[in-house]
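Chemist: You'll find target_1.csv just under this line, and it carries CSV, C-alpha atoms.
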chain,number,residue,atom,x,y,z
D,1,MET,CA,-12.2,12.0,15.9
D,2,ILE,CA,-14.6,13.5,13.4
D,3,LEU,CA,-14.5,11.4,10.3
D,4,THR,CA,-14.0,13.2,7.0
D,5,ALA,CA,-14.1,12.1,3.3
D,6,ASN,CA,-10.4,12.7,3.4
D,7,ASP,CA,-10.0,10.1,6.1
D,8,VAL,CA,-11.9,7.4,4.4
D,9,PHE,CA,-10.3,7.9,1.0
D,10,PHE,CA,-6.9,7.7,2.6
D,11,ALA,CA,-7.9,4.5,4.5
D,12,LEU,CA,-9.5,3.0,1.4
D,13,GLU,CA,-6.3,3.3,-0.6
D,14,ALA,CA,-3.9,2.5,2.2
D,15,SER,CA,-5.8,-0.7,3.1
D,16,TRP,CA,-6.2,-1.9,-0.5
D,17,PRO,CA,-3.0,-0.7,-2.1
D,18,ALA,CA,-1.9,-0.8,-5.8
D,19,ALA,CA,1.4,-2.5,-6.6
D,20,SER,CA,2.8,1.0,-7.5
D,21,THR,CA,1.4,4.5,-7.9
D,22,THR,CA,3.4,6.7,-10.3
D,23,PRO,CA,2.9,10.5,-11.0
D,24,ILE,CA,2.6,11.1,-14.8
D,25,GLY,CA,1.8,14.6,-15.7
D,26,PRO,CA,-1.4,15.6,-14.0
D,27,TRP,CA,-2.2,12.0,-13.1
D,28,TRP,CA,-1.5,9.2,-10.6
D,29,VAL,CA,-1.3,6.0,-12.6
D,30,ARG,CA,-1.7,2.8,-10.6
D,31,THR,CA,-0.4,-0.7,-11.4
D,32,GLY,CA,-3.0,-3.2,-10.4
D,33,LEU,CA,-1.5,-6.6,-11.3
D,34,GLY,CA,-5.0,-8.0,-11.6
D,35,GLY,CA,-6.2,-6.7,-8.2
D,36,GLY,CA,-9.4,-5.0,-9.6
D,37,LYS,CA,-10.5,-1.5,-10.5
D,38,ARG,CA,-9.6,0.1,-7.2
D,39,VAL,CA,-5.9,-0.6,-7.7
D,40,SER,CA,-5.9,-0.1,-11.4
D,41,ALA,CA,-7.6,3.3,-11.9
D,42,ALA,CA,-5.8,6.5,-12.7
D,43,SER,CA,-6.8,9.7,-10.8
D,44,GLN,CA,-6.1,13.4,-11.0
D,45,ARG,CA,-3.2,14.6,-8.8
D,46,ARG,CA,-4.1,17.2,-6.2
D,47,VAL,CA,-2.4,20.0,-4.3
D,48,GLY,CA,-0.4,18.6,-1.4
D,49,ASP,CA,-1.3,15.0,-1.9
D,50,SER,CA,0.8,11.9,-1.8
D,51,ALA,CA,0.6,8.6,-3.7
D,52,THR,CA,-2.6,7.9,-1.7
D,53,ASP,CA,-4.3,10.7,-3.6
D,54,LEU,CA,-6.1,12.6,-0.8
D,55,PRO,CA,-9.1,14.5,-2.1
D,56,TYR,CA,-7.7,18.1,-2.1
D,57,GLN,CA,-8.3,20.6,-4.8
D,58,SER,CA,-6.8,19.9,-8.2
D,59,ARG,CA,-3.1,20.6,-8.6
D,60,PHE,CA,-3.7,21.3,-12.3
D,61,GLU,CA,-6.2,24.1,-12.8
D,62,GLN,CA,-6.6,23.6,-16.5
D,63,LEU,CA,-6.9,20.0,-17.7
D,64,HIS,CA,-7.0,19.6,-21.4
D,65,PRO,CA,-8.4,16.6,-23.3
D,66,THR,CA,-5.0,15.9,-24.7
D,67,ASP,CA,-3.8,15.3,-21.1
D,68,LEU,CA,-5.8,12.1,-21.2
D,69,SER,CA,-3.4,10.6,-23.7
D,70,GLN,CA,-0.6,10.6,-21.0
D,71,ALA,CA,-2.6,8.4,-18.6
D,72,GLU,CA,-4.1,6.3,-21.4
D,73,ALA,CA,-0.7,5.4,-22.8
D,74,ALA,CA,0.7,4.6,-19.4
D,75,MET,CA,-2.2,2.3,-18.5
D,76,GLN,CA,-2.1,0.6,-21.9
D,77,GLY,CA,1.7,0.1,-21.4
D,78,LEU,CA,0.8,-1.7,-18.2
D,79,GLY,CA,-1.7,-3.9,-20.0
D,80,GLN,CA,-4.6,-2.2,-18.3
D,81,ASN,CA,-7.7,-0.9,-20.0
D,82,PRO,CA,-7.9,2.9,-19.5
D,83,LEU,CA,-9.9,3.6,-16.3
D,84,PHE,CA,-10.3,6.6,-14.1
D,85,VAL,CA,-11.7,7.0,-10.6
D,86,LEU,CA,-13.4,10.2,-9.7
D,87,ARG,CA,-14.6,12.0,-6.6
D,88,PRO,CA,-17.7,14.2,-6.5
D,89,ASP,CA,-15.6,17.3,-6.5
D,90,GLU,CA,-14.2,16.6,-10.0
D,91,PRO,CA,-17.2,17.5,-12.3
D,92,LYS,CA,-14.9,19.1,-15.0
D,93,LEU,CA,-12.8,15.9,-15.3
D,94,ASP,CA,-16.0,13.8,-15.2
D,95,GLN,CA,-17.4,15.8,-18.1
D,96,MET,CA,-14.1,15.6,-20.0
D,97,LEU,CA,-14.1,11.9,-19.8
D,98,ALA,CA,-17.7,11.6,-20.8
D,99,ASN,CA,-17.0,13.8,-23.8
D,100,ALA,CA,-14.1,11.5,-24.7
D,101,GLY,CA,-16.3,8.4,-24.7
D,102,TYR,CA,-15.7,7.1,-21.3
D,103,ARG,CA,-18.7,5.4,-19.7
D,104,LEU,CA,-19.7,5.7,-16.1
D,105,ILE,CA,-19.5,2.4,-14.1
D,106,ASP,CA,-19.6,1.2,-10.5
D,107,GLU,CA,-21.0,4.2,-8.6
D,108,THR,CA,-19.8,3.4,-5.1
D,109,LEU,CA,-20.7,4.5,-1.6
D,110,ILE,CA,-18.5,4.5,1.5
D,111,TYR,CA,-20.3,3.6,4.7
D,112,ALA,CA,-18.9,4.1,8.2
D,113,ILE,CA,-19.8,3.7,11.8
D,114,PRO,CA,-18.0,4.4,15.1
D,115,VAL,CA,-16.7,1.0,16.3
D,116,ALA,CA,-18.1,1.6,19.7
D,117,ASP,CA,-21.6,1.7,18.2
D,118,LEU,CA,-21.2,-1.7,16.5
D,119,ALA,CA,-18.9,-3.8,18.7
D,120,ALA,CA,-20.7,-6.5,20.6
D,121,PRO,CA,-20.1,-10.0,22.1
D,122,LEU,CA,-20.5,-12.9,19.7
D,123,ALA,CA,-21.0,-16.6,20.3
D,124,PRO,CA,-17.7,-18.5,20.6
D,125,LEU,CA,-16.2,-19.3,17.2
D,126,ALA,CA,-19.0,-17.5,15.4
D,127,VAL,CA,-16.3,-15.4,13.8
D,128,ILE,CA,-12.6,-16.4,13.6
D,129,ALA,CA,-9.8,-13.9,13.0
D,130,ALA,CA,-6.6,-15.1,11.2
D,131,TRP,CA,-3.7,-13.8,9.3
D,132,PRO,CA,-2.6,-15.0,6.8
D,133,PRO,CA,-6.1,-16.0,5.6
D,134,LEU,CA,-7.3,-19.5,6.3
D,135,ALA,CA,-7.4,-21.9,3.4
D,136,VAL,CA,-11.2,-22.2,3.8
D,137,THR,CA,-11.5,-18.4,3.5
D,138,LYS,CA,-9.4,-18.3,0.4
D,139,ALA,CA,-11.5,-21.1,-1.1
D,140,LEU,CA,-14.7,-19.2,-0.3
D,141,TRP,CA,-13.3,-16.0,-1.9
D,142,ASP,CA,-12.1,-18.0,-5.0
D,143,ASP,CA,-15.7,-19.2,-5.5
D,144,ALA,CA,-16.8,-15.6,-5.4
D,145,GLY,CA,-14.2,-14.4,-7.9
D,146,ILE,CA,-11.7,-13.0,-5.4
D,147,GLY,CA,-8.7,-14.9,-6.6
D,148,PRO,CA,-4.9,-14.9,-5.8
D,149,ASP,CA,-4.3,-11.4,-7.4
D,150,ARG,CA,-6.7,-9.8,-5.0
D,151,VAL,CA,-5.3,-11.8,-2.0
D,152,ASN,CA,-2.0,-10.3,-3.1
D,153,VAL,CA,-3.5,-6.8,-2.6
D,154,MET,CA,-4.3,-7.8,1.0
D,155,VAL,CA,-0.7,-9.0,1.5
D,156,ARG,CA,0.6,-5.6,0.3
D,157,ALA,CA,-1.4,-3.7,2.9
D,158,ILE,CA,0.9,-2.3,5.6
D,159,GLY,CA,-0.2,-2.0,9.2
D,160,PRO,CA,-2.6,-4.0,11.4
D,161,LYS,CA,-4.8,-6.4,9.3
D,162,THR,CA,-6.6,-9.6,9.5
D,163,THR,CA,-9.2,-11.8,7.8
D,164,LEU,CA,-12.4,-12.9,9.4
D,165,MET,CA,-14.3,-16.1,8.7
D,166,SER,CA,-17.9,-16.5,10.0
D,167,ARG,CA,-19.6,-19.8,10.7
D,168,ILE,CA,-23.2,-21.0,10.7
D,169,GLY,CA,-23.1,-23.9,13.1
D,170,ASN,CA,-19.9,-25.7,12.2
D,171,THR,CA,-20.0,-24.6,8.5
D,172,PRO,CA,-17.8,-21.8,7.1
D,173,ALA,CA,-20.3,-19.3,5.8
D,174,GLY,CA,-18.4,-16.1,4.8
D,175,GLY,CA,-15.2,-14.1,4.9
D,176,CYS,CA,-13.8,-10.7,4.7
D,177,PHE,CA,-10.5,-8.7,4.9
D,178,LEU,CA,-9.9,-5.9,7.4
D,179,ALA,CA,-7.0,-3.4,7.5
D,180,MET,CA,-6.4,-0.3,9.6
D,181,ALA,CA,-5.1,3.1,8.3
D,182,GLY,CA,-5.0,5.9,10.8
D,183,GLU,CA,-8.0,5.6,13.0
D,184,VAL,CA,-10.1,3.9,10.4
D,185,ALA,CA,-10.5,0.1,10.0
D,186,MET,CA,-11.5,-0.6,6.4
D,187,LEU,CA,-13.5,-3.7,5.6
D,188,HIS,CA,-13.0,-5.3,2.1
D,189,ALA,CA,-14.0,-8.5,0.2
D,190,LEU,CA,-17.0,-9.4,2.4
D,191,GLU,CA,-18.5,-12.5,0.7
D,192,MET,CA,-21.0,-15.0,1.9
D,193,ARG,CA,-21.7,-18.5,0.6
D,194,PRO,CA,-24.9,-18.1,-1.5
D,195,ASP,CA,-26.7,-21.0,0.3
D,196,LEU,CA,-25.9,-19.6,3.8
D,197,ARG,CA,-27.0,-16.0,3.2
D,198,ARG,CA,-29.6,-14.3,5.4
D,199,GLN,CA,-28.6,-16.4,8.4
D,200,ALA,CA,-26.7,-13.7,10.3
D,201,GLY,CA,-23.3,-14.6,8.9
D,202,GLY,CA,-22.8,-11.2,7.3
D,203,CYS,CA,-24.0,-9.4,10.4
D,204,ASN,CA,-21.6,-11.4,12.5
D,205,LEU,CA,-18.7,-10.5,10.2
D,206,CYS,CA,-19.5,-6.8,10.6
D,207,ILE,CA,-19.7,-7.1,14.4
D,208,GLY,CA,-16.6,-9.2,14.4
D,209,ALA,CA,-14.9,-6.5,12.3
D,210,ALA,CA,-15.9,-3.8,14.9
D,211,ASN,CA,-14.6,-6.0,17.7
D,212,TRP,CA,-11.3,-6.5,16.0
D,213,ALA,CA,-11.1,-2.8,15.1
D,214,THR,CA,-11.7,-1.9,18.8
D,215,GLU,CA,-8.8,-4.1,19.9
D,216,ALA,CA,-6.6,-2.6,17.1
D,217,GLY,CA,-7.3,1.0,18.4
D,218,ALA,CA,-9.5,2.2,15.5
D,219,GLN,CA,-12.3,4.7,16.1
D,220,TRP,CA,-14.2,4.0,12.9
D,221,LEU,CA,-15.2,1.0,10.7
D,222,ALA,CA,-15.8,1.8,7.1
D,223,LEU,CA,-16.4,-0.1,3.8
D,224,ALA,CA,-17.2,0.6,0.1
D,225,VAL,CA,-20.2,-0.9,-1.7
D,226,THR,CA,-21.7,-0.3,-5.1
D,227,THR,CA,-25.0,1.5,-5.3
D,228,THR,CA,-26.6,-1.5,-7.0
D,229,ASN,CA,-25.7,-3.9,-4.2
D,230,ILE,CA,-29.0,-3.4,-2.4
D,231,PRO,CA,-28.9,-6.4,-0.1
D,232,ALA,CA,-25.5,-5.4,1.2
D,233,ARG,CA,-26.6,-1.8,1.7
D,234,ARG,CA,-29.6,-2.9,3.6
D,235,LEU,CA,-27.5,-4.9,5.9
D,236,TYR,CA,-25.0,-2.1,6.6
D,237,GLU,CA,-27.8,0.4,7.1
D,238,SER,CA,-29.6,-2.0,9.5
D,239,LEU,CA,-26.4,-2.0,11.6
D,240,GLY,CA,-26.4,1.8,11.8
D,241,MET,CA,-23.8,2.5,9.2
D,242,GLN,CA,-24.1,5.8,7.3
D,243,MET,CA,-22.9,7.0,3.9
D,244,VAL,CA,-19.9,9.3,4.4
D,245,ALA,CA,-18.4,9.6,0.9
D,246,CYS,CA,-18.8,8.3,-2.7
D,247,TYR,CA,-16.9,7.9,-5.9
D,248,HIS,CA,-17.3,6.3,-9.3
D,249,TYR,CA,-15.3,5.1,-12.3
D,250,ARG,CA,-15.2,5.9,-16.0
D,251,MET,CA,-13.8,3.2,-18.3
D,252,TRP,CA,-13.1,3.3,-22.0
D,253,GLY,CA,-15.3,0.8,-23.9
D,254,ALA,CA,-17.1,-0.3,-20.7
D,255,SER,CA,-20.7,-1.5,-21.2
D,256,GLY,CA,-21.6,-0.5,-17.6
D,257,GLY,CA,-22.3,-2.6,-14.5
Would you kindly transcribe this structure into structure tokens?

Modeler:
Amino acid sequence: MILTANDVFFALEASWPAASTTPIGPWWVRTGLGGGKRVSAASQRRVGDSATDLPYQSRFEQLHPTDLSQAEAAMQGLGQNPLFVLRPDEPKLDQMLANAGYRLIDETLIYAIPVADLAAPLAPLAVIAAWPPLAVTKALWDDAGIGPDRVNVMVRAIGPKTTLMSRIGNTPAGGCFLAMAGEVAMLHALEMRPDLRRQAGGCNLCIGAANWATEAGAQWLALAVTTTNIPARRLYESLGMQMVACYHYRMWGASGG
């Protein structure tokens, strides 16, 4: 399987799904229910796409600034701040949003690697797989700001999925969520305890994810990370992961970051 941007965007949305995705004019409007930007951002509808918003060419050749009001009203009606997610092939929409006062935030890269290139034996109990997530994993996430609303996103994911918890000695050190879509296993919510970082826990989670993905029948392991998260990017690149796609958001009234 040759991995395309189409594949990873499909897997990203299928493995971290919005509560609902509704077509409104030229837009897909997502209901996030507190699950974060990825499940709350509107996007432009495309030719031949589904609610997963595959990155085909725009269905609407001529977007007009007044079209923004449809999406804005829908998002505000959901209690969500107007927010759009954009792919690199949408420069006209990006400029339209910039002209309307939307600020660029959270430039994000998607990294991927063939699971066969990363899977490897780990020490017994170095990484523990469990679904539903262990209480200790949820507590670790909660400390990192990944609360019940984001755990509910994980619950909504359909298909093979698990959580992983890494240990340093006998101490829980980190956790992540993993879900499969097509032949891609997408890794989300990787968090390490601050006092146990740089002790191989994050590396073990990635290897454990590749091991789980191999057993689930995936060909690729992928994840999304903001461009500013340099420590995480160094880890992923040190494991041989390569950037295969990117996206960013524009939010009304955002101050950046």

Chemist: Could you give me, as an NGL selection string, the residues within 10 Å of D:Ala181, counting all atoms listed in the file and dropping anything in the same chain fewer than 2 positions from it?

Modeler: :D and (7-8 or 10-15 or 157-161 or 179 or 183-186 or 218)

Chemist: Output C-alpha atoms for every residue in that selection, as a PDB file, in the coordinates of the input.

Modeler:
ATOM      1  CA  ASP D   7     -10.000  10.100   6.100  1.00  0.00           C
ATOM      2  CA  VAL D   8     -11.900   7.400   4.400  1.00  0.00           C
ATOM      3  CA  PHE D  10      -6.900   7.700   2.600  1.00  0.00           C
ATOM      4  CA  ALA D  11      -7.900   4.500   4.500  1.00  0.00           C
ATOM      5  CA  LEU D  12      -9.500   3.000   1.400  1.00  0.00           C
ATOM      6  CA  GLU D  13      -6.300   3.300  -0.600  1.00  0.00           C
ATOM      7  CA  ALA D  14      -3.900   2.500   2.200  1.00  0.00           C
ATOM      8  CA  SER D  15      -5.800  -0.700   3.100  1.00  0.00           C
ATOM      9  CA  ALA D 157      -1.400  -3.700   2.900  1.00  0.00           C
ATOM     10  CA  ILE D 158       0.900  -2.300   5.600  1.00  0.00           C
ATOM     11  CA  GLY D 159      -0.200  -2.000   9.200  1.00  0.00           C
ATOM     12  CA  PRO D 160      -2.600  -4.000  11.400  1.00  0.00           C
ATOM     13  CA  LYS D 161      -4.800  -6.400   9.300  1.00  0.00           C
ATOM     14  CA  ALA D 179      -7.000  -3.400   7.500  1.00  0.00           C
ATOM     15  CA  GLU D 183      -8.000   5.600  13.000  1.00  0.00           C
ATOM     16  CA  VAL D 184     -10.100   3.900  10.400  1.00  0.00           C
ATOM     17  CA  ALA D 185     -10.500   0.100  10.000  1.00  0.00           C
ATOM     18  CA  MET D 186     -11.500  -0.600   6.400  1.00  0.00           C
ATOM     19  CA  ALA D 218      -9.500   2.200  15.500  1.00  0.00           C
TER      20      ALA D 218
END

Chemist: How many Å lie between atom CA of D:Arg46 and atom CA of D:Phe9, rounded to one decimal?

Modeler: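 Between atom CA of D:Arg46 and atom CA of D:Phe9 the gap is 13.3 Å.
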
Chemist: So that I can check the surroundings of D:Ala5, please list as number ranges by chain every protein, DNA and RNA residue that reaches within 12 Å of it, counting all atoms listed in the file and ignoring chain neighbours fewer than 3 positions away.

Modeler: D: 2, 8-12, 54-56, 87-89, 109-112, 184, 222, 243-247

Chemist: Which is closest to D:Ile113 among D:Ala74, D:Leu187, D:Ala139, D:Ala144, if we use only C-alpha atoms?

Modeler: D:Leu187

Chemist: Considering only C-alpha atoms, state which residue in the set D:Asn99, D:Asn204, D:Pro121, D:Val29 is at the smallest distance from D:Gln80.

Modeler: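 The answer is D:Val29, which sits nearest to D:Gln80.
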
Chemist: Check the smallest atom-to-atom distance from each of D:Arg198, D:Tyr249, D:Leu178, D:Ile24 to D:Leu86 using all atoms listed in the file, then report the winner.

Modeler: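 Answer, going by the shortest atom-to-atom distance: D:Tyr249.
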